[in-house]
$ cat data28.tsv   # TSV, N, CA and C atoms
chain	number	residue	atom	x	y	z
A	1	TYR	N	110.91	54.20	53.12
A	1	TYR	CA	112.25	54.74	53.19
A	1	TYR	C	112.44	55.51	54.49
A	2	SER	N	113.61	55.39	55.03
A	2	SER	CA	113.91	56.12	56.25
A	2	SER	C	114.35	57.53	55.91
A	3	SER	N	114.43	58.35	56.92
A	3	SER	CA	114.84	59.74	56.72
A	3	SER	C	116.29	59.83	56.24
A	4	ALA	N	117.15	58.96	56.78
A	4	ALA	CA	118.56	58.99	56.37
A	4	ALA	C	118.71	58.59	54.91
A	5	ALA	N	117.97	57.58	54.48
A	5	ALA	CA	118.03	57.16	53.08
A	5	ALA	C	117.48	58.25	52.17
A	6	SER	N	116.45	58.92	52.64
A	6	SER	CA	115.86	60.00	51.86
A	6	SER	C	116.86	61.14	51.68
A	7	ASP	N	117.65	61.43	52.73
A	7	ASP	CA	118.66	62.48	52.63
A	7	ASP	C	119.75	62.12	51.63
A	8	VAL	N	120.11	60.83	51.59
A	8	VAL	CA	121.12	60.38	50.64
A	8	VAL	C	120.61	60.56	49.22
A	9	TYR	N	119.37	60.19	48.97
A	9	TYR	CA	118.81	60.34	47.64
A	9	TYR	C	118.71	61.81	47.24
A	10	LYS	N	118.35	62.67	48.20
A	10	LYS	CA	118.29	64.10	47.90
A	10	LYS	C	119.66	64.64	47.54
A	11	ARG	N	120.69	64.20	48.25
A	11	ARG	CA	122.04	64.66	47.93
A	11	ARG	C	122.46	64.20	46.54
A	12	GLN	N	122.10	62.97	46.17
A	12	GLN	CA	122.43	62.49	44.83
A	12	GLN	C	121.70	63.29	43.77
A	13	ILE	N	120.45	63.62	44.03
A	13	ILE	CA	119.67	64.41	43.07
A	13	ILE	C	120.26	65.81	42.92
A	14	TYR	N	120.59	66.43	44.04
A	14	TYR	CA	121.16	67.78	43.98
A	14	TYR	C	122.53	67.77	43.30
A	15	ALA	N	123.32	66.76	43.56
A	15	ALA	CA	124.62	66.66	42.90
A	15	ALA	C	124.44	66.45	41.40
A	16	GLY	N	123.47	65.65	41.02
A	16	GLY	CA	123.18	65.45	39.60
A	16	GLY	C	122.73	66.72	38.93
A	17	TYR	N	121.88	67.49	39.61
A	17	TYR	CA	121.45	68.78	39.06
A	17	TYR	C	122.62	69.73	38.90
A	18	LEU	N	123.50	69.77	39.89
A	18	LEU	CA	124.67	70.63	39.80
A	18	LEU	C	125.54	70.22	38.61
A	19	GLY	N	125.71	68.92	38.42
A	19	GLY	CA	126.49	68.43	37.27
A	19	GLY	C	125.86	68.82	35.95
A	20	PHE	N	124.52	68.70	35.86
A	20	PHE	CA	123.84	69.09	34.63
A	20	PHE	C	123.97	70.58	34.35
A	21	VAL	N	123.87	71.40	35.38
A	21	VAL	CA	124.01	72.85	35.19
A	21	VAL	C	125.42	73.19	34.72
A	22	LEU	N	126.43	72.58	35.34
A	22	LEU	CA	127.81	72.87	34.95
A	22	LEU	C	128.11	72.35	33.55
A	23	TYR	N	127.64	71.15	33.23
A	23	TYR	CA	127.84	70.61	31.89
A	23	TYR	C	127.09	71.47	30.86
A	24	GLY	N	125.90	71.92	31.22
A	24	GLY	CA	125.13	72.79	30.33
A	24	GLY	C	125.84	74.10	30.06
A	25	ALA	N	126.45	74.67	31.10
A	25	ALA	CA	127.19	75.92	30.93
A	25	ALA	C	128.37	75.71	29.98
A	26	ALA	N	129.07	74.60	30.12
A	26	ALA	CA	130.19	74.32	29.23
A	26	ALA	C	129.70	74.09	27.80
A	27	ALA	N	128.60	73.36	27.64
A	27	ALA	CA	128.07	73.10	26.31
A	27	ALA	C	127.57	74.38	25.65
A	28	LEU	N	126.94	75.24	26.42
A	28	LEU	CA	126.48	76.52	25.87
A	28	LEU	C	127.65	77.40	25.43
A	29	SER	N	128.73	77.36	26.19
A	29	SER	CA	129.89	78.18	25.80
A	29	SER	C	130.53	77.64	24.52
A	30	VAL	N	130.51	76.33	24.33
A	30	VAL	CA	131.01	75.75	23.08
A	30	VAL	C	130.12	76.21	21.92
A	31	GLY	N	128.82	76.15	22.12
A	31	GLY	CA	127.89	76.60	21.09
A	31	GLY	C	128.05	78.08	20.77
A	32	LEU	N	128.30	78.87	21.79
A	32	LEU	CA	128.51	80.30	21.58
A	32	LEU	C	129.77	80.55	20.75
A	33	LEU	N	130.83	79.80	21.05
A	33	LEU	CA	132.06	79.95	20.28
A	33	LEU	C	131.84	79.63	18.81
A	34	THR	N	131.21	78.50	18.55
A	34	THR	CA	131.00	78.12	17.14
A	34	THR	C	130.05	79.08	16.46
A	35	SER	N	129.13	79.66	17.20
A	35	SER	CA	128.21	80.64	16.63
A	35	SER	C	128.93	81.93	16.26
A	36	THR	N	129.94	82.30	17.04
A	36	THR	CA	130.69	83.52	16.70
A	36	THR	C	131.65	83.30	15.55
A	37	MET	N	131.98	82.07	15.26
A	37	MET	CA	132.95	81.79	14.21
A	37	MET	C	132.34	81.72	12.82
A	38	THR	N	131.03	81.53	12.71
A	38	THR	CA	130.40	81.40	11.41
A	38	THR	C	129.05	82.10	11.42
A	39	ASN	N	128.57	82.46	10.25
A	39	ASN	CA	127.26	83.07	10.12
A	39	ASN	C	126.17	82.05	9.87
A	40	ASN	N	126.54	80.83	9.55
A	40	ASN	CA	125.59	79.77	9.25
A	40	ASN	C	125.26	78.99	10.51
A	41	GLN	N	123.98	78.91	10.84
A	41	GLN	CA	123.56	78.23	12.06
A	41	GLN	C	123.77	76.73	11.99
A	42	ILE	N	123.57	76.14	10.84
A	42	ILE	CA	123.73	74.70	10.69
A	42	ILE	C	125.20	74.31	10.87
A	43	VAL	N	126.08	75.05	10.25
A	43	VAL	CA	127.52	74.77	10.41
A	43	VAL	C	127.92	74.93	11.87
A	44	SER	N	127.41	75.95	12.51
A	44	SER	CA	127.71	76.19	13.91
A	44	SER	C	127.25	75.02	14.78
A	45	ALA	N	126.05	74.53	14.54
A	45	ALA	CA	125.53	73.41	15.33
A	45	ALA	C	126.33	72.14	15.10
A	46	VAL	N	126.71	71.88	13.86
A	46	VAL	CA	127.47	70.66	13.56
A	46	VAL	C	128.87	70.72	14.19
A	47	VAL	N	129.52	71.86	14.10
A	47	VAL	CA	130.85	72.01	14.69
A	47	VAL	C	130.78	71.91	16.21
A	48	ALA	N	129.77	72.54	16.81
A	48	ALA	CA	129.61	72.46	18.26
A	48	ALA	C	129.36	71.02	18.70
A	49	MET	N	128.53	70.30	17.96
A	49	MET	CA	128.28	68.89	18.30
A	49	MET	C	129.55	68.07	18.16
A	50	GLY	N	130.35	68.36	17.16
A	50	GLY	CA	131.62	67.65	17.00
A	50	GLY	C	132.57	67.90	18.15
A	51	ILE	N	132.67	69.15	18.59
A	51	ILE	CA	133.53	69.47	19.73
A	51	ILE	C	133.04	68.78	20.98
A	52	LEU	N	131.71	68.83	21.21
A	52	LEU	CA	131.15	68.21	22.41
A	52	LEU	C	131.31	66.69	22.38
A	53	LEU	N	131.15	66.08	21.22
A	53	LEU	CA	131.37	64.63	21.12
A	53	LEU	C	132.84	64.28	21.35
A	54	ALA	N	133.74	65.09	20.83
A	54	ALA	CA	135.17	64.85	21.06
A	54	ALA	C	135.50	64.95	22.54
A	55	LEU	N	134.93	65.94	23.23
A	55	LEU	CA	135.16	66.07	24.67
A	55	LEU	C	134.51	64.92	25.44
A	56	PHE	N	133.36	64.45	24.96
A	56	PHE	CA	132.65	63.37	25.65
A	56	PHE	C	133.40	62.05	25.55
A	57	PHE	N	133.99	61.78	24.38
A	57	PHE	CA	134.68	60.51	24.18
A	57	PHE	C	136.19	60.59	24.37
A	58	ALA	N	136.71	61.71	24.83
A	58	ALA	CA	138.16	61.86	25.00
A	58	ALA	C	138.71	60.89	26.02
A	59	ASP	N	137.95	60.57	27.06
A	59	ASP	CA	138.46	59.64	28.06
A	59	ASP	C	138.55	58.22	27.52
A	60	ARG	N	137.78	57.88	26.51
A	60	ARG	CA	137.89	56.57	25.87
A	60	ARG	C	139.13	56.49	24.99
A	61	ALA	N	139.54	57.60	24.41
A	61	ALA	CA	140.67	57.63	23.49
A	61	ALA	C	142.00	57.55	24.21
A	62	PHE	N	142.04	57.88	25.51
A	62	PHE	CA	143.33	57.93	26.18
A	62	PHE	C	143.95	56.55	26.32
A	63	GLY	N	143.18	55.49	26.21
A	63	GLY	CA	143.72	54.15	26.28
A	63	GLY	C	144.60	53.81	25.09
A	64	SER	N	144.35	54.45	23.95
A	64	SER	CA	145.13	54.17	22.75
A	64	SER	C	146.38	55.04	22.65
A	65	VAL	N	146.48	56.05	23.50
A	65	VAL	CA	147.65	56.93	23.52
A	65	VAL	C	148.39	56.70	24.83
A	66	SER	N	149.67	56.44	24.73
A	66	SER	CA	150.42	56.13	25.94
A	66	SER	C	151.18	57.35	26.44
A	67	GLY	N	151.60	57.28	27.67
A	67	GLY	CA	152.43	58.33	28.24
A	67	GLY	C	151.63	59.49	28.78
A	68	LYS	N	152.33	60.61	28.90
A	68	LYS	CA	151.73	61.82	29.47
A	68	LYS	C	150.62	62.37	28.58
A	69	ALA	N	150.77	62.23	27.26
A	69	ALA	CA	149.74	62.71	26.34
A	69	ALA	C	148.43	61.97	26.55
A	70	GLY	N	148.50	60.68	26.82
A	70	GLY	CA	147.30	59.90	27.10
A	70	GLY	C	146.61	60.34	28.37
A	71	GLU	N	147.39	60.66	29.38
A	71	GLU	CA	146.81	61.15	30.64
A	71	GLU	C	146.12	62.49	30.45
A	72	ILE	N	146.73	63.37	29.67
A	72	ILE	CA	146.14	64.69	29.42
A	72	ILE	C	144.84	64.53	28.65
A	73	ILE	N	144.84	63.69	27.62
A	73	ILE	CA	143.62	63.46	26.84
A	73	ILE	C	142.54	62.84	27.72
A	74	GLY	N	142.91	61.94	28.60
A	74	GLY	CA	141.95	61.31	29.50
A	74	GLY	C	141.32	62.30	30.45
A	75	GLU	N	142.09	63.26	30.92
A	75	GLU	CA	141.55	64.26	31.85
A	75	GLU	C	140.69	65.30	31.15
A	76	MET	N	140.82	65.41	29.84
A	76	MET	CA	139.99	66.36	29.09
A	76	MET	C	138.58	65.83	28.88
A	77	GLY	N	138.37	64.55	29.08
A	77	GLY	CA	137.06	63.95	28.84
A	77	GLY	C	136.01	64.42	29.83
A	78	VAL	N	134.83	64.72	29.32
A	78	VAL	CA	133.74	65.22	30.15
A	78	VAL	C	133.09	64.10	30.94
A	79	ARG	N	133.03	62.92	30.37
A	79	ARG	CA	132.30	61.82	31.00
A	79	ARG	C	132.84	61.47	32.37
A	80	GLY	N	134.14	61.40	32.51
A	80	GLY	CA	134.73	61.06	33.80
A	80	GLY	C	134.43	62.09	34.87
A	81	HIS	N	134.38	63.34	34.48
A	81	HIS	CA	134.08	64.40	35.45
A	81	HIS	C	132.60	64.44	35.79
A	82	PHE	N	131.75	64.08	34.84
A	82	PHE	CA	130.32	64.10	35.09
A	82	PHE	C	129.85	62.88	35.88
A	83	ASP	N	130.53	61.75	35.74
A	83	ASP	CA	130.11	60.53	36.42
A	83	ASP	C	130.09	60.70	37.93
A	84	ASP	N	131.00	61.47	38.49
A	84	ASP	CA	130.99	61.69	39.93
A	84	ASP	C	129.70	62.39	40.36
A	85	PHE	N	129.26	63.36	39.60
A	85	PHE	CA	128.02	64.06	39.93
A	85	PHE	C	126.84	63.10	39.87
A	86	SER	N	126.81	62.22	38.87
A	86	SER	CA	125.70	61.29	38.75
A	86	SER	C	125.67	60.27	39.88
A	87	ARG	N	126.82	60.03	40.50
A	87	ARG	CA	126.87	59.14	41.67
A	87	ARG	C	126.59	59.88	42.97
A	88	GLY	N	126.45	61.19	42.91
A	88	GLY	CA	126.16	61.98	44.10
A	88	GLY	C	127.39	62.54	44.77
A	89	VAL	N	128.54	62.46	44.12
A	89	VAL	CA	129.78	62.97	44.69
A	89	VAL	C	130.06	64.35	44.11
A	90	ILE	N	130.19	65.33	45.00
A	90	ILE	CA	130.54	66.68	44.57
A	90	ILE	C	132.00	66.90	44.90
A	91	ASP	N	132.83	66.91	43.88
A	91	ASP	CA	134.27	67.08	44.02
A	91	ASP	C	134.64	68.44	43.43
A	92	THR	N	135.44	69.18	44.16
A	92	THR	CA	135.79	70.53	43.69
A	92	THR	C	136.60	70.49	42.40
A	93	SER	N	137.36	69.43	42.18
A	93	SER	CA	138.13	69.37	40.94
A	93	SER	C	137.20	69.26	39.73
A	94	ASN	N	136.09	68.57	39.87
A	94	ASN	CA	135.12	68.47	38.77
A	94	ASN	C	134.41	69.81	38.54
A	95	ILE	N	134.10	70.51	39.63
A	95	ILE	CA	133.48	71.82	39.50
A	95	ILE	C	134.44	72.78	38.79
A	96	VAL	N	135.69	72.76	39.21
A	96	VAL	CA	136.70	73.63	38.58
A	96	VAL	C	136.88	73.26	37.11
A	97	TYR	N	136.82	71.98	36.78
A	97	TYR	CA	136.95	71.53	35.39
A	97	TYR	C	135.86	72.16	34.52
A	98	PHE	N	134.61	72.01	34.94
A	98	PHE	CA	133.50	72.51	34.13
A	98	PHE	C	133.50	74.04	34.04
A	99	ILE	N	133.81	74.71	35.15
A	99	ILE	CA	133.86	76.17	35.11
A	99	ILE	C	135.02	76.64	34.23
A	100	SER	N	136.16	75.97	34.32
A	100	SER	CA	137.30	76.32	33.47
A	100	SER	C	136.99	76.09	32.00
A	101	LEU	N	136.32	74.99	31.71
A	101	LEU	CA	135.96	74.70	30.33
A	101	LEU	C	135.02	75.78	29.78
A	102	ALA	N	134.03	76.16	30.57
A	102	ALA	CA	133.09	77.21	30.13
A	102	ALA	C	133.82	78.53	29.96
A	103	LEU	N	134.67	78.89	30.91
A	103	LEU	CA	135.39	80.16	30.81
A	103	LEU	C	136.36	80.17	29.64
A	104	PHE	N	137.00	79.03	29.36
A	104	PHE	CA	137.93	78.95	28.23
A	104	PHE	C	137.21	79.21	26.91
A	105	PHE	N	136.06	78.57	26.71
A	105	PHE	CA	135.33	78.77	25.46
A	105	PHE	C	134.70	80.15	25.40
A	106	LEU	N	134.31	80.71	26.52
A	106	LEU	CA	133.81	82.09	26.53
A	106	LEU	C	134.93	83.07	26.19
A	107	PHE	N	136.13	82.81	26.69
A	107	PHE	CA	137.29	83.63	26.36
A	107	PHE	C	137.57	83.59	24.86
A	108	LEU	N	137.53	82.39	24.29
A	108	LEU	CA	137.74	82.27	22.84
A	108	LEU	C	136.64	82.98	22.06
A	109	SER	N	135.42	82.94	22.56
A	109	SER	CA	134.32	83.64	21.90
A	109	SER	C	134.54	85.14	21.91
A	110	MET	N	134.99	85.66	23.04
A	110	MET	CA	135.27	87.11	23.11
A	110	MET	C	136.38	87.49	22.15
A	111	ARG	N	137.42	86.69	22.07
A	111	ARG	CA	138.53	86.99	21.15
A	111	ARG	C	138.06	86.93	19.70
A	112	THR	N	137.19	86.00	19.38
A	112	THR	CA	136.67	85.89	18.01
A	112	THR	C	135.85	87.13	17.66
A	113	LEU	N	135.01	87.56	18.59
A	113	LEU	CA	134.21	88.76	18.34
A	113	LEU	C	135.08	90.00	18.22
A	114	GLU	N	136.12	90.10	19.04
A	114	GLU	CA	137.02	91.25	18.95
A	114	GLU	C	137.78	91.26	17.63
A	115	SER	N	138.18	90.10	17.15
A	115	SER	CA	138.87	90.07	15.87
A	115	SER	C	137.96	90.43	14.72
A	116	ARG	N	136.67	90.10	14.83
A	116	ARG	CA	135.72	90.50	13.79
A	116	ARG	C	135.51	92.01	13.78
A	117	ARG	N	135.56	92.61	14.92
A	117	ARG	CA	135.34	94.05	15.00
A	117	ARG	C	136.43	94.81	14.26
A	118	TRP	N	137.65	94.30	14.25
A	118	TRP	CA	138.77	95.02	13.65
A	118	TRP	C	138.97	94.68	12.17
A	119	ARG	N	138.16	93.84	11.63
A	119	ARG	CA	138.28	93.50	10.20
A	119	ARG	C	137.59	94.51	9.33
$ encode --input "data28.tsv" --output "structure tokens"
Amino acid sequence: YSSAASDVYKRQIYAGYLGFVLYGAAALSVGLLTSTMTNNQIVSAVVAMGILLALFFADRAFGSVSGKAGEIIGEMGVRGHFDDFSRGVIDTSNIVYFISLALFFLFLSMRTLESRRWR
């Protein structure tokens, strides 16, 4: 392998790692939300897996929904945003997507904990 080809492979690997870290942060925030909503660990894990599967397959579902709603559902899918990282493409819109997803679920977790405090 030449040095230039080696650099390309390194960039793809680093982009893939970045994608895994961002996807992991989003998945952990989903798990944290479901954990704050219930006292049962099994229920929390099943609900978190359901949410993550829904987000993973959302881009497949947008074909069955037409119009603006289909576009919104398609953009909510994790797979389309992660595929760019696996190809070695670092796009700021994908980074913003994963960070926004993690922050959204962390925000919901904080609100859930605050509501429990006042009960």
$ residues_around --input "data28.tsv" --residues "Phe85 in chain A" --least-positions-apart "3" --cutoff "7 Å" --atoms "all atoms listed in the file" --output "PyMOL selection string"
chain A and resi 12+15-19+81-82+88-91
$ residues_around --input "data28.tsv" --residues "Ile99 in chain A" --least-positions-apart "3" --cutoff "8 Å" --atoms "only N, CA and C atoms" --output "list in words"
Leu22, Tyr23, Ala25, Ala26, Ser93, Asn94, Ile95, Val96, Ala102, Leu103, Phe104 and Phe105 of chain A
$ axis_aligned_box --input "data28.tsv" --around "range 31-46 of chain A" --padding-each-side "6 Å" --output "lines of an AutoDock Vina configuration file"
center_x = 128.3
center_y = 77.1
center_z = 15.7
size_x = 21.4
size_y = 24.9
size_z = 24.9
$ residues_around --input "data28.tsv" --residues "Ala48 in chain A" --least-positions-apart "5" --cutoff "9 Å" --atoms "only C-alpha atoms" --output "list in words"
Ala27, Val30, Gly31, Leu32, Leu33, Thr34, Ser35, Val43 and Leu53 of chain A
$ closest_residue --input "data28.tsv" --among "A:Thr36, A:Thr92, A:Gly70, A:Leu52" --to "Ser115 in chain A" --atoms "only C-alpha atoms"
A:Thr36
$ atom_distance --input "data28.tsv" --atom1 "CA of Phe98 in chain A" --atom2 "atom C of Gly67 in chain A"
23.0 Å
$ atom_distance --input "data28.tsv" --atom1 "CA of Ala69 in chain A" --atom2 "CA of Gly50 in chain A"
21.0 Å
$ residues_around --input "data28.tsv" --residues "Phe56 in chain A" --least-positions-apart "6" --cutoff "8 Å" --atoms "only C-alpha atoms" --output "PyMOL selection string"
chain A and resi 77-79
$ write_last_selection --input "data28.tsv" --atoms "N, CA and C atoms" --output "PDB file, in the coordinates of the input"
ATOM      1  N   GLY A  77     138.370  64.550  29.080  1.00  0.00           N
ATOM      2  CA  GLY A  77     137.060  63.950  28.840  1.00  0.00           C
ATOM      3  C   GLY A  77     136.010  64.420  29.830  1.00  0.00           C
ATOM      4  N   VAL A  78     134.830  64.720  29.320  1.00  0.00           N
ATOM      5  CA  VAL A  78     133.740  65.220  30.150  1.00  0.00           C
ATOM      6  C   VAL A  78     133.090  64.100  30.940  1.00  0.00           C
ATOM      7  N   ARG A  79     133.030  62.920  30.370  1.00  0.00           N
ATOM      8  CA  ARG A  79     132.300  61.820  31.000  1.00  0.00           C
ATOM      9  C   ARG A  79     132.840  61.470  32.370  1.00  0.00           C
TER      10      ARG A  79
END
$ select_by_dssp --input "data28.tsv" --residues "chain A" --states "helix (DSSP H, G or I)" --output "PyMOL selection string"
chain A and resi 3-37+41-61+68-76+78-86+92-117
$ atom_distance --input "data28.tsv" --atom1 "CA of Gly80 in chain A" --atom2 "atom N of Gly24 in chain A"
14.2 Å
$ closest_residue --input "data28.tsv" --among "A:Ile72, A:Ser29, A:Arg11, A:Arg117" --to "Leu101 in chain A" --atoms "only N, CA and C atoms"
A:Ser29
$ closest_residue --input "data28.tsv" --among "A:Val47, A:Met37, A:Leu28, A:Leu55" --to "Thr112 in chain A" --atoms "only C-alpha atoms"
A:Met37
$ decode --input "data28.tsv" --residues "range 64-89 of chain A" --atoms "N, CA, C and O atoms" --output "PDB file, in the first residue's frame"
ATOM      1  N   SER A  64     -43.110   4.378   2.793  1.00  0.00           N
ATOM      2  CA  SER A  64     -44.532   4.074   2.849  1.00  0.00           C
ATOM      3  C   SER A  64     -45.378   5.286   3.221  1.00  0.00           C
ATOM      4  O   SER A  64     -46.597   5.240   3.106  1.00  0.00           O
ATOM      5  N   VAL A  65     -44.733   6.361   3.663  1.00  0.00           N
ATOM      6  CA  VAL A  65     -45.438   7.585   4.022  1.00  0.00           C
ATOM      7  C   VAL A  65     -45.060   8.653   3.005  1.00  0.00           C
ATOM      8  O   VAL A  65     -43.892   8.896   2.752  1.00  0.00           O
ATOM      9  N   SER A  66     -46.056   9.285   2.429  1.00  0.00           N
ATOM     10  CA  SER A  66     -45.765  10.267   1.389  1.00  0.00           C
ATOM     11  C   SER A  66     -45.800  11.683   1.953  1.00  0.00           C
ATOM     12  O   SER A  66     -46.316  11.924   3.041  1.00  0.00           O
ATOM     13  N   GLY A  67     -45.234  12.588   1.209  1.00  0.00           N
ATOM     14  CA  GLY A  67     -45.291  13.999   1.569  1.00  0.00           C
ATOM     15  C   GLY A  67     -44.224  14.404   2.553  1.00  0.00           C
ATOM     16  O   GLY A  67     -43.179  13.767   2.701  1.00  0.00           O
ATOM     17  N   LYS A  68     -44.495  15.518   3.209  1.00  0.00           N
ATOM     18  CA  LYS A  68     -43.538  16.093   4.154  1.00  0.00           C
ATOM     19  C   LYS A  68     -43.326  15.184   5.365  1.00  0.00           C
ATOM     20  O   LYS A  68     -42.219  15.111   5.905  1.00  0.00           O
ATOM     21  N   ALA A  69     -44.373  14.489   5.791  1.00  0.00           N
ATOM     22  CA  ALA A  69     -44.245  13.578   6.933  1.00  0.00           C
ATOM     23  C   ALA A  69     -43.261  12.453   6.628  1.00  0.00           C
ATOM     24  O   ALA A  69     -42.466  12.066   7.481  1.00  0.00           O
ATOM     25  N   GLY A  70     -43.274  11.959   5.407  1.00  0.00           N
ATOM     26  CA  GLY A  70     -42.329  10.922   5.007  1.00  0.00           C
ATOM     27  C   GLY A  70     -40.900  11.412   5.017  1.00  0.00           C
ATOM     28  O   GLY A  70     -39.985  10.684   5.406  1.00  0.00           O
ATOM     29  N   GLU A  71     -40.693  12.645   4.592  1.00  0.00           N
ATOM     30  CA  GLU A  71     -39.344  13.219   4.618  1.00  0.00           C
ATOM     31  C   GLU A  71     -38.840  13.389   6.041  1.00  0.00           C
ATOM     32  O   GLU A  71     -37.666  13.127   6.331  1.00  0.00           O
ATOM     33  N   ILE A  72     -39.716  13.827   6.938  1.00  0.00           N
ATOM     34  CA  ILE A  72     -39.326  14.015   8.333  1.00  0.00           C
ATOM     35  C   ILE A  72     -38.978  12.673   8.964  1.00  0.00           C
ATOM     36  O   ILE A  72     -37.961  12.549   9.662  1.00  0.00           O
ATOM     37  N   ILE A  73     -39.798  11.657   8.714  1.00  0.00           N
ATOM     38  CA  ILE A  73     -39.520  10.326   9.256  1.00  0.00           C
ATOM     39  C   ILE A  73     -38.215   9.786   8.685  1.00  0.00           C
ATOM     40  O   ILE A  73     -37.413   9.182   9.398  1.00  0.00           O
ATOM     41  N   GLY A  74     -37.966  10.023   7.417  1.00  0.00           N
ATOM     42  CA  GLY A  74     -36.733   9.563   6.790  1.00  0.00           C
ATOM     43  C   GLY A  74     -35.501  10.208   7.387  1.00  0.00           C
ATOM     44  O   GLY A  74     -34.459   9.568   7.546  1.00  0.00           O
ATOM     45  N   GLU A  75     -35.599  11.476   7.737  1.00  0.00           N
ATOM     46  CA  GLU A  75     -34.457  12.176   8.329  1.00  0.00           C
ATOM     47  C   GLU A  75     -34.226  11.794   9.785  1.00  0.00           C
ATOM     48  O   GLU A  75     -33.147  12.013  10.312  1.00  0.00           O
ATOM     49  N   MET A  76     -35.226  11.223  10.427  1.00  0.00           N
ATOM     50  CA  MET A  76     -35.067  10.787  11.813  1.00  0.00           C
ATOM     51  C   MET A  76     -34.288   9.480  11.908  1.00  0.00           C
ATOM     52  O   MET A  76     -33.807   9.133  12.983  1.00  0.00           O
ATOM     53  N   GLY A  77     -34.145   8.769  10.820  1.00  0.00           N
ATOM     54  CA  GLY A  77     -33.469   7.475  10.831  1.00  0.00           C
ATOM     55  C   GLY A  77     -31.981   7.596  11.115  1.00  0.00           C
ATOM     56  O   GLY A  77     -31.289   8.446  10.572  1.00  0.00           O
ATOM     57  N   VAL A  78     -31.482   6.728  11.960  1.00  0.00           N
ATOM     58  CA  VAL A  78     -30.075   6.745  12.351  1.00  0.00           C
ATOM     59  C   VAL A  78     -29.189   6.167  11.262  1.00  0.00           C
ATOM     60  O   VAL A  78     -28.071   6.635  11.045  1.00  0.00           O
ATOM     61  N   ARG A  79     -29.688   5.183  10.550  1.00  0.00           N
ATOM     62  CA  ARG A  79     -28.858   4.471   9.583  1.00  0.00           C
ATOM     63  C   ARG A  79     -28.311   5.386   8.500  1.00  0.00           C
ATOM     64  O   ARG A  79     -27.135   5.307   8.156  1.00  0.00           O
ATOM     65  N   GLY A  80     -29.129   6.258   7.967  1.00  0.00           N
ATOM     66  CA  GLY A  80     -28.674   7.160   6.922  1.00  0.00           C
ATOM     67  C   GLY A  80     -27.593   8.106   7.393  1.00  0.00           C
ATOM     68  O   GLY A  80     -26.666   8.430   6.648  1.00  0.00           O
ATOM     69  N   HIS A  81     -27.686   8.536   8.633  1.00  0.00           N
ATOM     70  CA  HIS A  81     -26.672   9.437   9.181  1.00  0.00           C
ATOM     71  C   HIS A  81     -25.387   8.692   9.523  1.00  0.00           C
ATOM     72  O   HIS A  81     -24.299   9.245   9.416  1.00  0.00           O
ATOM     73  N   PHE A  82     -25.510   7.436   9.914  1.00  0.00           N
ATOM     74  CA  PHE A  82     -24.325   6.670  10.273  1.00  0.00           C
ATOM     75  C   PHE A  82     -23.586   6.144   9.045  1.00  0.00           C
ATOM     76  O   PHE A  82     -22.366   5.961   9.094  1.00  0.00           O
ATOM     77  N   ASP A  83     -24.289   5.901   7.953  1.00  0.00           N
ATOM     78  CA  ASP A  83     -23.654   5.357   6.756  1.00  0.00           C
ATOM     79  C   ASP A  83     -22.550   6.257   6.224  1.00  0.00           C
ATOM     80  O   ASP A  83     -21.547   5.765   5.709  1.00  0.00           O
ATOM     81  N   ASP A  84     -22.714   7.559   6.330  1.00  0.00           N
ATOM     82  CA  ASP A  84     -21.662   8.467   5.878  1.00  0.00           C
ATOM     83  C   ASP A  84     -20.380   8.252   6.673  1.00  0.00           C
ATOM     84  O   ASP A  84     -19.286   8.253   6.107  1.00  0.00           O
ATOM     85  N   PHE A  85     -20.495   8.069   7.968  1.00  0.00           N
ATOM     86  CA  PHE A  85     -19.314   7.826   8.790  1.00  0.00           C
ATOM     87  C   PHE A  85     -18.640   6.520   8.385  1.00  0.00           C
ATOM     88  O   PHE A  85     -17.415   6.437   8.347  1.00  0.00           O
ATOM     89  N   SER A  86     -19.426   5.487   8.103  1.00  0.00           N
ATOM     90  CA  SER A  86     -18.839   4.204   7.736  1.00  0.00           C
ATOM     91  C   SER A  86     -18.137   4.265   6.382  1.00  0.00           C
ATOM     92  O   SER A  86     -17.250   3.455   6.114  1.00  0.00           O
ATOM     93  N   ARG A  87     -18.531   5.218   5.539  1.00  0.00           N
ATOM     94  CA  ARG A  87     -17.843   5.410   4.253  1.00  0.00           C
ATOM     95  C   ARG A  87     -16.648   6.344   4.381  1.00  0.00           C
ATOM     96  O   ARG A  87     -15.925   6.556   3.417  1.00  0.00           O
ATOM     97  N   GLY A  88     -16.439   6.925   5.545  1.00  0.00           N
ATOM     98  CA  GLY A  88     -15.314   7.809   5.761  1.00  0.00           C
ATOM     99  C   GLY A  88     -15.628   9.270   5.544  1.00  0.00           C
ATOM    100  O   GLY A  88     -14.731  10.106   5.522  1.00  0.00           O
ATOM    101  N   VAL A  89     -16.907   9.606   5.409  1.00  0.00           N
ATOM    102  CA  VAL A  89     -17.319  10.987   5.186  1.00  0.00           C
ATOM    103  C   VAL A  89     -17.752  11.588   6.514  1.00  0.00           C
ATOM    104  O   VAL A  89     -18.640  11.060   7.185  1.00  0.00           O
TER     105      VAL A  89
END
